[in-house]
file final_39.cif (mmCIF, C-alpha atoms and all ligand atoms)
data_upload
loop_
_atom_site.group_PDB
_atom_site.id
_atom_site.type_symbol
_atom_site.label_atom_id
_atom_site.label_comp_id
_atom_site.auth_asym_id
_atom_site.auth_seq_id
_atom_site.Cartn_x
_atom_site.Cartn_y
_atom_site.Cartn_z
ATOM 1 C CA MET A 288 171.017 189.495 83.725
ATOM 2 C CA THR A 289 169.209 186.800 85.728
ATOM 3 C CA ASN A 290 170.501 183.221 85.738
ATOM 4 C CA LYS A 291 167.298 181.731 84.266
ATOM 5 C CA ALA A 292 168.965 180.882 80.984
ATOM 6 C CA ILE A 293 166.898 179.818 77.995
ATOM 7 C CA LYS A 294 168.751 177.861 75.358
ATOM 8 C CA ILE A 295 167.958 178.479 71.681
ATOM 9 C CA PHE A 296 169.240 176.526 68.692
ATOM 10 C CA SER A 297 168.774 177.960 65.209
ATOM 11 C CA TYR A 298 170.373 179.010 62.009
ATOM 12 C CA LEU A 299 171.852 182.438 62.474
ATOM 13 C CA PRO A 300 171.233 185.230 61.889
ATOM 14 C CA ASN A 301 167.496 184.614 62.033
ATOM 15 C CA PRO A 302 164.841 187.356 62.449
ATOM 16 C CA ARG A 303 162.799 184.838 64.455
ATOM 17 C CA VAL A 304 165.633 184.660 66.983
ATOM 18 C CA TRP A 305 165.986 188.456 66.980
ATOM 19 C CA LYS A 306 162.571 188.574 68.679
ATOM 20 C CA SER A 307 163.921 186.796 71.755
ATOM 21 C CA LEU A 308 167.266 188.585 71.731
ATOM 22 C CA VAL A 309 165.564 191.992 71.661
ATOM 23 C CA ALA A 310 163.116 191.027 74.424
ATOM 24 C CA ALA A 311 165.974 189.652 76.530
ATOM 25 C CA GLN A 312 167.728 192.964 76.119
ATOM 26 C CA PHE A 313 164.679 194.846 77.415
ATOM 27 C CA CYS A 314 164.054 192.622 80.430
ATOM 28 C CA GLY A 315 167.445 191.228 81.422
ATOM 29 C CA VAL A 316 167.060 187.525 80.696
ATOM 30 C CA ALA A 317 170.089 185.394 79.884
ATOM 31 C CA LEU A 318 169.860 183.577 76.555
ATOM 32 C CA GLU A 319 172.244 180.943 75.276
ATOM 33 C CA VAL A 320 172.031 180.959 71.496
ATOM 34 C CA THR A 321 173.771 178.239 69.485
ATOM 35 C CA GLY A 322 173.784 177.833 65.729
ATOM 36 C CA ASP A 323 175.426 178.383 62.421
ATOM 37 C CA LYS A 324 174.792 179.816 58.956
ATOM 38 C CA PRO A 325 171.595 178.428 57.362
ATOM 39 C CA ALA A 326 173.505 176.263 54.881
ATOM 40 C CA ASN A 327 175.618 174.746 57.671
ATOM 41 C CA LEU A 328 172.731 173.556 59.835
ATOM 42 C CA GLN A 329 172.567 170.321 57.862
ATOM 43 C CA ASN A 330 175.991 169.531 59.358
ATOM 44 C CA TRP A 331 174.681 169.849 62.918
ATOM 45 C CA LEU A 332 173.029 167.427 65.294
ATOM 46 C CA TRP A 333 169.749 169.084 66.258
ATOM 47 C CA ASP A 334 169.517 168.447 69.990
ATOM 48 C CA TYR A 335 169.472 170.167 73.374
ATOM 49 C CA ASP A 336 173.235 169.667 73.232
ATOM 50 C CA ALA A 337 173.459 170.642 69.583
ATOM 51 C CA ARG A 338 176.862 170.103 68.004
ATOM 52 C CA GLN A 339 178.593 169.951 64.660
ATOM 53 C CA LEU A 340 178.772 166.464 63.180
ATOM 54 C CA SER A 341 181.858 164.966 61.624
ATOM 55 C CA GLU A 342 181.675 163.858 57.998
ATOM 56 C CA ASN A 343 181.333 160.145 58.908
ATOM 57 C CA GLU A 344 178.406 160.934 61.201
ATOM 58 C CA ARG A 345 176.500 162.665 58.391
ATOM 59 C CA VAL A 346 175.291 159.549 56.647
ATOM 60 C CA ASP A 347 171.825 158.625 55.392
ATOM 61 C CA ASP A 348 171.622 155.550 57.633
ATOM 62 C CA SER A 349 172.336 157.613 60.763
ATOM 63 C CA PRO A 350 169.593 157.048 63.399
ATOM 64 C CA HIS A 351 169.215 160.834 63.459
ATOM 65 C CA ALA A 352 168.728 161.332 59.697
ATOM 66 C CA ARG A 353 165.393 163.014 58.864
ATOM 67 C CA VAL A 354 163.921 164.388 55.695
ATOM 68 C CA SER A 355 163.768 168.181 55.936
ATOM 69 C CA LYS A 356 160.337 169.766 55.797
ATOM 70 C CA ARG A 357 160.466 173.471 55.105
ATOM 71 C CA GLY A 358 163.195 175.978 54.434
ATOM 72 C CA PHE A 359 165.821 173.230 54.143
ATOM 73 C CA SER A 360 166.377 170.572 51.530
ATOM 74 C CA GLY A 361 167.761 167.068 51.859
ATOM 75 C CA THR A 362 168.690 165.395 55.124
ATOM 76 C CA LEU A 363 168.864 166.959 58.561
ATOM 77 C CA PHE A 364 170.083 165.217 61.711
ATOM 78 C CA LYS A 365 167.661 165.457 64.636
ATOM 79 C CA THR A 366 167.751 163.290 67.760
ATOM 80 C CA ASP A 367 164.647 161.483 69.058
ATOM 81 C CA ALA A 368 164.876 163.676 72.170
ATOM 82 C CA PHE A 369 164.838 166.770 69.974
ATOM 83 C CA LEU A 370 161.686 165.572 68.206
ATOM 84 C CA GLN A 371 160.064 164.737 71.525
ATOM 85 C CA ALA A 372 160.682 168.268 72.714
ATOM 86 C CA HIS A 373 160.000 169.769 69.271
ATOM 87 C CA PRO A 374 157.384 167.641 67.507
ATOM 88 C CA PHE A 375 157.338 169.879 64.417
ATOM 89 C CA GLY A 376 161.112 169.638 64.243
ATOM 90 C CA THR A 377 161.675 173.310 63.497
ATOM 91 C CA VAL A 378 164.178 175.983 64.439
ATOM 92 C CA PRO A 379 164.381 178.245 66.285
ATOM 93 C CA ALA A 380 164.117 175.581 68.958
ATOM 94 C CA ALA A 381 164.204 176.713 72.566
ATOM 95 C CA PHE A 382 164.596 174.719 75.749
ATOM 96 C CA GLY A 383 163.586 175.795 79.216
ATOM 97 C CA ASP A 384 165.403 174.830 82.391
ATOM 98 C CA ASP A 385 167.044 171.406 82.027
ATOM 99 C CA GLY A 386 166.039 170.902 78.408
ATOM 100 C CA SER A 387 163.037 168.673 79.049
ATOM 101 C CA ILE A 388 160.610 171.358 77.895
ATOM 102 C CA GLY A 389 160.799 172.295 74.256
ATOM 103 C CA ILE A 390 159.437 175.678 73.278
ATOM 104 C CA PHE A 391 158.861 176.233 69.582
ATOM 105 C CA GLU A 392 157.303 178.919 67.366
ATOM 106 C CA SER A 393 159.356 182.082 67.650
ATOM 107 C CA ASN A 394 156.465 184.072 69.129
ATOM 108 C CA SER A 395 156.145 181.542 71.940
ATOM 109 C CA ILE A 396 159.888 181.573 72.532
ATOM 110 C CA LEU A 397 159.552 185.356 72.732
ATOM 111 C CA ARG A 398 156.799 184.960 75.339
ATOM 112 C CA SER A 399 158.935 182.525 77.338
ATOM 113 C CA VAL A 400 161.775 185.046 77.493
ATOM 114 C CA VAL A 401 159.482 187.658 79.005
ATOM 115 C CA ARG A 402 157.975 185.130 81.413
ATOM 116 C CA ALA A 403 161.471 184.244 82.641
ATOM 117 C CA ALA A 404 162.190 187.852 83.585
ATOM 118 C CA GLU A 405 162.216 188.940 87.208
ATOM 119 C CA ASN A 406 160.805 192.238 85.991
ATOM 120 C CA ASP A 407 159.410 192.200 82.474
ATOM 121 C CA ASN A 408 159.171 195.992 82.306
ATOM 122 C CA GLY A 409 155.585 195.739 81.064
ATOM 123 C CA LEU A 410 156.577 193.857 77.905
ATOM 124 C CA TYR A 411 153.589 191.514 78.274
ATOM 125 C CA GLY A 412 151.105 194.237 79.274
ATOM 126 C CA ALA A 413 149.803 195.356 82.629
ATOM 127 C CA SER A 414 146.825 192.988 82.933
ATOM 128 C CA GLY A 415 145.453 189.681 81.667
ATOM 129 C CA ASN A 416 143.400 191.514 79.071
ATOM 130 C CA GLU A 417 146.381 193.467 77.838
ATOM 131 C CA ALA A 418 148.375 190.241 77.592
ATOM 132 C CA SER A 419 145.557 188.724 75.533
ATOM 133 C CA ARG A 420 145.505 191.768 73.242
ATOM 134 C CA ILE A 421 149.266 191.396 72.801
ATOM 135 C CA ASP A 422 148.695 187.720 71.914
ATOM 136 C CA SER A 423 146.099 188.832 69.365
ATOM 137 C CA PHE A 424 148.726 190.892 67.567
ATOM 138 C CA LEU A 425 151.295 188.100 67.792
ATOM 139 C CA ASP A 426 148.799 185.709 66.176
ATOM 140 C CA ALA A 427 148.113 188.222 63.395
ATOM 141 C CA THR A 428 151.862 188.632 62.932
ATOM 142 C CA LEU A 429 152.333 184.860 62.580
ATOM 143 C CA VAL A 430 149.805 184.802 59.720
ATOM 144 C CA LEU A 431 151.868 187.434 57.910
ATOM 145 C CA ALA A 432 155.092 185.582 58.731
ATOM 146 C CA ARG A 433 153.822 182.256 57.399
ATOM 147 C CA GLU A 434 152.806 183.831 54.088
ATOM 148 C CA ALA A 435 156.151 185.620 53.953
ATOM 149 C CA GLN A 436 157.974 182.331 54.563
ATOM 150 C CA VAL A 437 156.251 180.658 51.601
ATOM 151 C CA TYR A 438 156.729 183.763 49.445
ATOM 152 C CA LEU A 439 160.429 184.258 50.193
ATOM 153 C CA LEU A 440 161.239 180.559 49.906
ATOM 154 C CA SER A 441 159.622 180.377 46.469
ATOM 155 C CA MET A 442 161.271 183.551 45.194
ATOM 156 C CA ASN A 443 163.117 181.712 42.406
ATOM 157 C CA GLU A 444 159.922 180.268 40.939
ATOM 158 C CA LEU A 445 157.173 182.543 42.129
ATOM 159 C CA SER A 446 153.612 181.811 41.050
ATOM 160 C CA PRO A 447 150.952 184.514 40.591
ATOM 161 C CA ALA A 448 148.890 182.772 43.304
ATOM 162 C CA THR A 449 151.703 182.980 45.873
ATOM 163 C CA HIS A 450 152.357 186.632 45.029
ATOM 164 C CA GLU A 451 148.660 187.423 45.356
ATOM 165 C CA ARG A 452 148.312 185.596 48.698
ATOM 166 C CA MET A 453 151.300 187.525 50.003
ATOM 167 C CA ARG A 454 149.898 190.844 48.813
ATOM 168 C CA SER A 455 146.583 190.132 50.465
ATOM 169 C CA ALA A 456 148.179 189.052 53.797
ATOM 170 C CA TYR A 457 150.452 192.092 53.755
ATOM 171 C CA GLU A 458 147.598 194.537 53.101
ATOM 172 C CA PHE A 459 145.388 192.944 55.751
ATOM 173 C CA TYR A 460 148.132 192.974 58.380
ATOM 174 C CA LEU A 461 149.515 196.444 57.674
ATOM 175 C CA SER A 462 146.083 198.060 57.522
ATOM 176 C CA GLY A 463 145.353 196.600 60.985
ATOM 177 C CA ILE A 464 148.648 197.827 62.404
ATOM 178 C CA ASP A 465 148.185 201.262 60.847
ATOM 179 C CA GLN A 466 144.687 201.439 62.320
ATOM 180 C CA ALA A 467 145.937 200.369 65.774
ATOM 181 C CA LEU A 468 148.545 203.117 65.685
ATOM 182 C CA THR A 469 145.859 205.782 65.193
ATOM 183 C CA THR A 470 144.791 205.197 68.793
ATOM 184 C CA ASN A 471 147.894 203.764 70.492
ATOM 185 C CA ASN A 472 151.495 204.910 70.567
ATOM 186 C CA TYR A 473 152.633 201.309 70.252
ATOM 187 C CA VAL A 474 151.101 198.316 68.471
ATOM 188 C CA ALA A 475 148.993 196.844 71.278
ATOM 189 C CA THR A 476 148.927 199.469 74.027
ATOM 190 C CA ASP A 477 150.510 202.818 74.826
ATOM 191 C CA LYS A 478 153.729 201.111 75.875
ATOM 192 C CA LEU A 479 156.290 198.984 74.126
ATOM 193 C CA THR A 480 155.363 195.303 74.349
ATOM 194 C CA ILE A 481 156.329 192.057 72.668
ATOM 195 C CA ALA A 482 153.675 192.860 70.042
ATOM 196 C CA ASP A 483 156.032 195.613 68.833
ATOM 197 C CA ILE A 484 158.981 193.232 68.864
ATOM 198 C CA GLY A 485 157.102 190.646 66.797
ATOM 199 C CA PHE A 486 155.949 193.379 64.409
ATOM 200 C CA VAL A 487 159.497 194.655 63.772
ATOM 201 C CA CYS A 488 161.071 191.230 63.288
ATOM 202 C CA ASP A 489 158.384 189.580 61.145
ATOM 203 C CA LEU A 490 157.601 192.619 59.009
ATOM 204 C CA GLY A 491 161.342 193.228 58.718
ATOM 205 C CA GLN A 492 161.811 189.669 57.463
ATOM 206 C CA PHE A 493 159.087 190.119 54.823
ATOM 207 C CA LEU A 494 160.650 193.419 53.667
ATOM 208 C CA ARG A 495 163.604 191.403 52.404
ATOM 209 C CA GLU A 496 161.518 191.302 49.224
ATOM 210 C CA ARG A 497 162.716 194.877 48.626
ATOM 211 C CA LEU A 498 166.259 193.557 48.228
ATOM 212 C CA LEU A 499 164.955 191.035 45.681
ATOM 213 C CA LYS A 500 163.373 193.632 43.361
ATOM 214 C CA SER A 501 165.181 192.534 40.212
ATOM 215 C CA ARG A 502 164.330 188.876 40.821
ATOM 216 C CA LEU A 503 160.677 189.845 41.250
ATOM 217 C CA ASN A 504 160.669 192.160 38.227
ATOM 218 C CA ASP A 505 162.385 189.525 36.021
ATOM 219 C CA GLN A 506 159.465 187.205 36.760
ATOM 220 C CA GLY A 507 156.918 189.939 35.982
ATOM 221 C CA PHE A 508 156.061 190.830 39.597
ATOM 222 C CA GLU A 509 156.234 194.063 41.538
ATOM 223 C CA VAL A 510 157.658 194.585 45.007
ATOM 224 C CA ILE A 511 154.501 194.331 47.131
ATOM 225 C CA SER A 512 155.691 196.767 49.804
ATOM 226 C CA GLN A 513 157.118 199.366 47.410
ATOM 227 C CA ASP A 514 154.651 202.071 48.558
ATOM 228 C CA MET A 515 154.501 201.042 52.237
ATOM 229 C CA GLU A 516 155.640 204.447 53.512
ATOM 230 C CA GLN A 517 152.770 206.194 51.657
ATOM 231 C CA GLU A 518 150.080 203.524 52.107
ATOM 232 C CA PHE A 519 150.731 202.687 55.749
ATOM 233 C CA PRO A 520 152.544 205.768 57.091
ATOM 234 C CA ARG A 521 152.035 205.068 60.794
ATOM 235 C CA ALA A 522 153.195 201.468 60.573
ATOM 236 C CA ALA A 523 156.231 202.449 58.479
ATOM 237 C CA ALA A 524 157.183 205.277 60.852
ATOM 238 C CA HIS A 525 156.759 202.973 63.868
ATOM 239 C CA LEU A 526 159.025 200.392 62.286
ATOM 240 C CA LYS A 527 161.648 203.046 61.632
ATOM 241 C CA THR A 528 161.447 204.503 65.156
ATOM 242 C CA LEU A 529 161.725 201.104 66.834
ATOM 243 C CA SER A 530 164.539 199.957 64.591
ATOM 244 C CA ALA A 531 166.622 202.928 65.756
ATOM 245 C CA MET A 532 166.321 201.901 69.410
ATOM 246 C CA PRO A 533 169.589 200.389 70.665
ATOM 247 C CA GLN A 534 167.837 197.263 71.998
ATOM 248 C CA PHE A 535 166.769 196.514 68.410
ATOM 249 C CA SER A 536 169.771 197.810 66.480
ATOM 250 C CA GLU A 537 172.203 195.855 68.645
ATOM 251 C CA HIS A 538 170.763 192.631 67.166
ATOM 252 C CA LEU A 539 169.313 193.709 63.816
ATOM 253 C CA GLY A 540 172.394 195.758 62.916
ATOM 254 C CA ASP A 541 171.786 197.811 59.786
ATOM 255 C CA TYR A 542 169.398 195.210 58.282
ATOM 256 C CA LEU A 543 166.326 197.438 58.546
ATOM 257 C CA SER A 544 168.080 200.506 57.201
ATOM 258 C CA LYS A 545 168.801 198.464 54.061
ATOM 259 C CA VAL A 546 165.123 197.662 53.501
ATOM 260 C CA LEU A 547 163.601 200.946 54.680
HETATM 261 N N1 LIG B 601 156.582 179.838 62.451
HETATM 262 C C1 LIG B 601 157.819 179.192 62.866
HETATM 263 C C2 LIG B 601 158.635 178.861 61.643
HETATM 264 C C3 LIG B 601 159.756 177.878 61.937
HETATM 265 C C4 LIG B 601 160.177 177.120 60.682
HETATM 266 O O1 LIG B 601 159.374 176.874 59.778
HETATM 267 N N2 LIG B 601 161.472 176.743 60.639
HETATM 268 C C5 LIG B 601 161.982 175.982 59.496
HETATM 269 C C6 LIG B 601 163.119 176.747 58.832
HETATM 270 S S1 LIG B 601 162.605 178.288 58.193
HETATM 271 C C7 LIG B 601 162.579 174.667 59.968
HETATM 272 O O2 LIG B 601 163.093 174.603 61.066
HETATM 273 N N3 LIG B 601 162.530 173.588 59.154
HETATM 274 C C8 LIG B 601 163.039 172.312 59.576
HETATM 275 C C9 LIG B 601 162.906 171.224 58.522
HETATM 276 O O3 LIG B 601 162.889 171.542 57.309
HETATM 277 O O4 LIG B 601 162.847 170.052 58.891
HETATM 278 C C10 LIG B 601 158.538 180.111 63.853
HETATM 279 O O5 LIG B 601 158.250 181.311 63.891
HETATM 280 O O6 LIG B 601 159.377 179.627 64.637
#
call {"tool": "encode", "arguments": {"input": "final_39.cif", "output": "structure tokens", "more": "lines below"}}
Ligand SMILES: N[C@@H](CCC(=O)N[C@@H](CS)C(=O)NCC(=O)O)C(=O)O
result
Amino acid sequence: MTNKAIKIFSYLPNPRVWKSLVAAQFCGVALEVTGDKPANLQNWLWDYDARQLSENERVDDSPHARVSKRGFSGTLFKTDAFLQAHPFGTVPAAFGDDGSIGIFESNSILRSVVRAAENDNGLYGASGNEASRIDSFLDATLVLAREAQVYLLSMNELSPATHERMRSAYEFYLSGIDQALTTNNYVATDKLTIADIGFVCDLGQFLRERLLKSRLNDQGFEVISQDMEQEFPRAAAHLKTLSAMPQFSEHLGDYLSKVL
């Protein structure tokens, strides 16, 4: 491991953090990950020096009290410095060097991990054009991930419109990945890159819908990905192959085997 540590604060476990942990594993970058279970993050001070707050610090008139925006409800405690570094106020929240530079959006945190490596082992491609192609896939993956975030967060009161948007995003994304894998061995090129890491973690997160089958069925909806293995065989096989690699399984555990 190099000593160029990147600090990440988040709820844990979080598939968005897995991206960076897996990349760090492939290219030997030291990561310092701090956090707690999702429900406990409202008891934390969101800051470069994140810490648990005592009960008397968790009050609505605290200077750090903020209304949560997405994925959380109620009050969260974020410092002004945190919001300066992270204007959207989201986690995972990464900090480079001394903490003055905030890096947000899990795909960008993933990129920063690879950029911090002394030898990135080709994870960001072998040329500027390859890096741009990798970025293209990461952008496409974020579109899927954003739909999946809305879909999974509204699982208790799903509307037909949300289900339909998710289906459409899923089909668009998976058909592109399946097509790419007809010509390449990996998502973006013939080698493993961060496009593969983003693919595994964001698609894996969406596939949590498979564990929510009865909740979907009770509301009159089907599991969107139920025929993924038949409809998108290359993408499904790629996901399975990558998830068996130790660099992935060390962080994802048996999560993917539950949804595949
Ligand atoms: N696309 C972002 C999503 C980050 C995000 O939306 N995080 C939510 C939790 S899922 C958050 O931090 N919300 C803070 C709030 O509600 O104020 C990424 O990949 O990092």
call {"tool": "resolve_selection", "arguments": {"input": "final_39.cif", "expression": "the PyMOL selection byres (((chain A and resi 349-359) around 10) and not hetatm)", "output": "JSON, numbers by chain"}}
result
{"A": [325, 326, 328, 329, 332, 333, 343, 344, 345, 346, 347, 348, 360, 361, 362, 363, 364, 365, 366, 367, 369, 375, 376, 377, 436, 437, 439, 440, 441]}
call {"tool": "closest_residue", "arguments": {"input": "final_39.cif", "among": "A:Ile295, A:Leu539, A:Ala524, A:Ala418", "to": "Gln492 (chain A)", "atoms": "all atoms listed in the file"}}
result
A:Leu539
call {"tool": "residues_near_point", "arguments": {"input": "final_39.cif", "point": "(163.8, 178.6, 69.2)", "cutoff": "9 Å", "atoms": "all atoms listed in the file", "output": "MDAnalysis selection string"}}
result
chainID A and resid 294:297 303:304 307 320 377:382 389:393 395:397
call {"tool": "closest_residue", "arguments": {"input": "final_39.cif", "among": "A:Ser419, A:Asn472, A:Thr480, A:Ser512", "to": "Glu458 (chain A)", "atoms": "only C-alpha atoms"}}
result
A:Ser512
call {"tool": "resolve_selection", "arguments": {"input": "final_39.cif", "expression": "the PyMOL selection byres (((chain A and resi 536) around 12) and not hetatm)", "output": "MDAnalysis selection string"}}
result
chainID A and resid 305:306 308:309 312 484 487:488 526:535 537:544
call {"tool": "atom_distance", "arguments": {"input": "final_39.cif", "atom1": "CA of Tyr438 (chain A)", "atom2": "CA of Arg521 (chain A)"}}
result
24.6 Å
call {"tool": "resolve_selection", "arguments": {"input": "final_39.cif", "expression": "the PyMOL selection byres (((chain A and resi 518) around 12) and not hetatm)", "output": "ChimeraX atom specification"}}
result
/A:457-458,461-462,464-466,511-517,519-524
call {"tool": "closest_residue", "arguments": {"input": "final_39.cif", "among": "A:Asp505, A:Asp477, A:Asp426, A:Glu496", "to": "ligand LIG 601 (chain B)", "atoms": "all atoms listed in the file"}}
result
A:Asp426
call {"tool": "axis_aligned_box", "arguments": {"input": "final_39.cif", "around": "ligand LIG 601 (chain B)", "padding_each_side": "6 Å", "output": "lines of an AutoDock Vina configuration file"}}
result
center_x = 159.9
center_y = 175.7
center_z = 61.0
size_x = 18.5
size_y = 23.3
size_z = 19.3
call {"tool": "closest_residue", "arguments": {"input": "final_39.cif", "among": "A:Gly507, A:Pro447, A:Gly315, A:Pro374", "to": "ligand LIG 601 (chain B)", "atoms": "only C-alpha atoms and all ligand atoms"}}
result
A:Pro374
call {"tool": "atom_distance", "arguments": {"input": "final_39.cif", "atom1": "CA of Ala427 (chain A)", "atom2": "CA of Ser414 (chain A)"}}
result
20.2 Å
call {"tool": "residues_around", "arguments": {"input": "final_39.cif", "residues": "Gly485 (chain A)", "least_positions_apart": "2", "cutoff": "8 Å", "atoms": "all atoms listed in the file", "output": "PyMOL selection string"}}
result
chain A and resi 306+394+425+428+481-483+487-489
call {"tool": "atom_distance", "arguments": {"input": "final_39.cif", "atom1": "CA of Thr449 (chain A)", "atom2": "CA of Asn327 (chain A)"}}
result
27.9 Å
call {"tool": "residues_around", "arguments": {"input": "final_39.cif", "residues": "Met442 (chain A)", "least_positions_apart": "4", "cutoff": "12 Å", "atoms": "all atoms listed in the file", "output": "ChimeraX atom specification"}}
result
/A:435-438,446-447,449-450,453,493,495-506,508,510
call {"tool": "write_last_selection", "arguments": {"input": "final_39.cif", "atoms": "C-alpha atoms", "output": "CSV table (one decimal), in the coordinates of the input"}}
result
chain,number,residue,atom,x,y,z
A,435,ALA,CA,156.2,185.6,54.0
A,436,GLN,CA,158.0,182.3,54.6
A,437,VAL,CA,156.3,180.7,51.6
A,438,TYR,CA,156.7,183.8,49.4
A,446,SER,CA,153.6,181.8,41.0
A,447,PRO,CA,151.0,184.5,40.6
A,449,THR,CA,151.7,183.0,45.9
A,450,HIS,CA,152.4,186.6,45.0
A,453,MET,CA,151.3,187.5,50.0
A,493,PHE,CA,159.1,190.1,54.8
A,495,ARG,CA,163.6,191.4,52.4
A,496,GLU,CA,161.5,191.3,49.2
A,497,ARG,CA,162.7,194.9,48.6
A,498,LEU,CA,166.3,193.6,48.2
A,499,LEU,CA,165.0,191.0,45.7
A,500,LYS,CA,163.4,193.6,43.4
A,501,SER,CA,165.2,192.5,40.2
A,502,ARG,CA,164.3,188.9,40.8
A,503,LEU,CA,160.7,189.8,41.2
A,504,ASN,CA,160.7,192.2,38.2
A,505,ASP,CA,162.4,189.5,36.0
A,506,GLN,CA,159.5,187.2,36.8
A,508,PHE,CA,156.1,190.8,39.6
A,510,VAL,CA,157.7,194.6,45.0
call {"tool": "closest_residue", "arguments": {"input": "final_39.cif", "among": "A:Leu318, A:Glu509, A:Leu479, A:Glu342", "to": "Arg454 (chain A)", "atoms": "all atoms listed in the file"}}
result
A:Glu509
call {"tool": "closest_residue", "arguments": {"input": "final_39.cif", "among": "A:Phe486, A:Phe424, A:Tyr298, A:Tyr473", "to": "ligand LIG 601 (chain B)", "atoms": "all atoms listed in the file"}}
result
A:Tyr298
call {"tool": "decode", "arguments": {"input": "final_39.cif", "residues": "region 373-384 of chain A", "atoms": "N, CA, C and O atoms", "output": "mmCIF file, in the first residue's frame"}}
result
data_model
loop_
_atom_site.group_PDB
_atom_site.id
_atom_site.type_symbol
_atom_site.label_atom_id
_atom_site.label_comp_id
_atom_site.auth_asym_id
_atom_site.auth_seq_id
_atom_site.Cartn_x
_atom_site.Cartn_y
_atom_site.Cartn_z
ATOM 1 N N HIS A 373 -18.230 19.560 0.327
ATOM 2 C CA HIS A 373 -19.240 18.684 -0.299
ATOM 3 C C HIS A 373 -20.539 19.457 -0.458
ATOM 4 O O HIS A 373 -21.472 19.301 0.331
ATOM 5 N N PRO A 374 -20.622 20.309 -1.482
ATOM 6 C CA PRO A 374 -21.770 21.211 -1.600
ATOM 7 C C PRO A 374 -23.118 20.497 -1.715
ATOM 8 O O PRO A 374 -24.142 21.073 -1.372
ATOM 9 N N PHE A 375 -23.131 19.265 -2.197
ATOM 10 C CA PHE A 375 -24.407 18.540 -2.284
ATOM 11 C C PHE A 375 -24.712 17.803 -0.978
ATOM 12 O O PHE A 375 -25.802 17.255 -0.809
ATOM 13 N N GLY A 376 -23.718 17.782 -0.104
ATOM 14 C CA GLY A 376 -23.940 17.242 1.241
ATOM 15 C C GLY A 376 -24.189 15.753 1.307
ATOM 16 O O GLY A 376 -24.861 15.266 2.220
ATOM 17 N N THR A 377 -23.648 15.014 0.340
ATOM 18 C CA THR A 377 -23.958 13.576 0.282
ATOM 19 C C THR A 377 -22.796 12.706 0.764
ATOM 20 O O THR A 377 -21.643 13.137 0.807
ATOM 21 N N VAL A 378 -23.150 11.473 1.089
ATOM 22 C CA VAL A 378 -22.155 10.423 1.331
ATOM 23 C C VAL A 378 -22.368 9.342 0.270
ATOM 24 O O VAL A 378 -23.505 9.155 -0.188
ATOM 25 N N PRO A 379 -21.300 8.638 -0.138
ATOM 26 C CA PRO A 379 -19.956 8.736 0.390
ATOM 27 C C PRO A 379 -19.317 10.090 0.108
ATOM 28 O O PRO A 379 -19.492 10.665 -0.955
ATOM 29 N N ALA A 380 -18.559 10.550 1.114
ATOM 30 C CA ALA A 380 -17.850 11.816 1.013
ATOM 31 C C ALA A 380 -16.366 11.515 1.197
ATOM 32 O O ALA A 380 -15.974 10.985 2.233
ATOM 33 N N ALA A 381 -15.588 11.857 0.172
ATOM 34 C CA ALA A 381 -14.148 11.579 0.272
ATOM 35 C C ALA A 381 -13.380 12.883 0.405
ATOM 36 O O ALA A 381 -13.857 13.952 0.012
ATOM 37 N N PHE A 382 -12.204 12.764 0.987
ATOM 38 C CA PHE A 382 -11.319 13.918 1.157
ATOM 39 C C PHE A 382 -9.929 13.522 0.714
ATOM 40 O O PHE A 382 -9.430 12.461 1.105
ATOM 41 N N GLY A 383 -9.335 14.379 -0.125
ATOM 42 C CA GLY A 383 -7.960 14.127 -0.537
ATOM 43 C C GLY A 383 -7.012 14.853 0.385
ATOM 44 O O GLY A 383 -7.384 15.836 1.026
ATOM 45 N N ASP A 384 -5.807 14.373 0.453
ATOM 46 C CA ASP A 384 -4.714 14.989 1.205
ATOM 47 C C ASP A 384 -5.106 15.445 2.604
ATOM 48 O O ASP A 384 -5.471 14.658 3.446
#
